[in-house]
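In what follows, a single structure is set out as structure tokens and then discussed.
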Amino acid sequence: MGKNYNKCPRCGNKTASNFPKCGVCGLNFKKFATATNSEAKSAIRMGERERVLYSTTPPYDINKTNVLIMAIFGGWCGIHYFSIGRFLKGIFQIIGFIFGMIYCVYRMNGNSLNGFIGNLVLVLGIIWVITILLWITDIVKIIFNKFKYPVSLPYSNKNEKGE
């Protein structure tokens, strides 16, 4: 027996698949199918985050294989996040990578983890481990279609922009 409902990406409500809109928030499922990542990146840059939804289905302007390859080879520094417009998560991955490099250099020089500096470096190392774990979970999420891509509908006319 197949799936007989649509799960709304905006509110999470399950709506019968024969209904064209979400019963709770009114999202039009057919319109949502035309949402793009490039429009979401534009909305994020313009500070219109309320227009952005996160979908586990990659929009037509994103190649899942490319995102997976970027995550495998450059995910440790957040390249896959930057490519889809999730800049804050990408910055967190870069910071975690830098903290990891500081930790490695400190330990390779034979320094102990005693004292204030040692404890600070230990915290940096823990943050690095967390970012490595997030990197691995991102790869798994992409493979199993659980990774969330930002998407947005284009403005249908200039009046929606306020012009």
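A note on labels: chains of the structure tokens are A, B, ... as shown, every chain counts residues from 1, and ligands are counted from 1 in their shown order.
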*asked:* as a PyMOL selection string, please: every residue in chain A that a backbone DSSP assignment puts in helix (DSSP H, G or I).
replied: chain A and resi 29-32+37-45+49-51+64-77+79-84+87-108+115-143+158-161
Per residue of range 80-127 of chain A within 12 Å of range 49-64 of chain A, what are the shortest atom pair and its distance in Å to one decimal, counting only C-alpha atoms, with rows by chain and residue number, as a Markdown table?
```
| residue | atom | partner | partner_atom | distance |
| --- | --- | --- | --- | --- |
| A:His80 | CA | A:Lys64 | CA | 10.4 |
| A:Ser83 | CA | A:Ile62 | CA | 9.3 |
| A:Ile84 | CA | A:Ile62 | CA | 7.9 |
| A:Gly85 | CA | A:Val52 | CA | 10.9 |
| A:Arg86 | CA | A:Tyr54 | CA | 10.5 |
```
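Among the candidate residues A:Asn4, A:Ser112, A:Asn66, A:Asn18, the one lying nearest to Ile142 in chain A is A:Asn66, with distances computed using only C-alpha atoms.
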_Can you pull out every residue from chain A that DSSP, working from the backbone, puts in strand (DSSP E), and format the result as an NGL selection string?_
:A and (5-7 or 14-16 or 53-55 or 149-151)
Can you write just those residues out, C-alpha atoms, as a short mmCIF file (atom, residue, chain, number, x, y, z; two decimals), in the first residue's frame?
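Saved the output as result_2.cif:
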```
data_model
loop_
_atom_site.label_atom_id
_atom_site.label_comp_id
_atom_site.auth_asym_id
_atom_site.auth_seq_id
_atom_site.Cartn_x
_atom_site.Cartn_y
_atom_site.Cartn_z
CA TYR A 5 -0.92 11.57 2.24
CA ASN A 6 1.31 14.60 1.69
CA LYS A 7 3.38 15.89 4.59
CA LYS A 14 -0.32 15.20 7.04
CA THR A 15 -2.96 15.95 4.40
CA ALA A 16 -4.73 13.42 2.18
CA LEU A 53 10.97 26.43 3.63
CA TYR A 54 13.18 23.40 4.18
CA SER A 55 12.43 20.30 2.14
CA TYR A 149 17.37 21.91 1.39
CA PRO A 150 16.18 25.52 1.58
CA VAL A 151 13.56 26.26 -1.09
#
```
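Interatomic distance, CA of Thr36 in chain A against CA of Gly78 in chain A: 20.8 Å.
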*Extract, using only C-alpha atoms, all DNA, RNA and protein residues at most 12 Å from range 68-71 of chain A, discarding same-chain residues fewer than 4 positions from it, and format them as an MDAnalysis selection string.*
chainID A and resid 58 62:64 75:84 90 93 132 134:145 147
_Spatial neighbours of Leu27 in chain A, 8 Å, only C-alpha atoms, chain gap at least 6 places, as a PyMOL selection string_ = chain A and resi 8+10+21
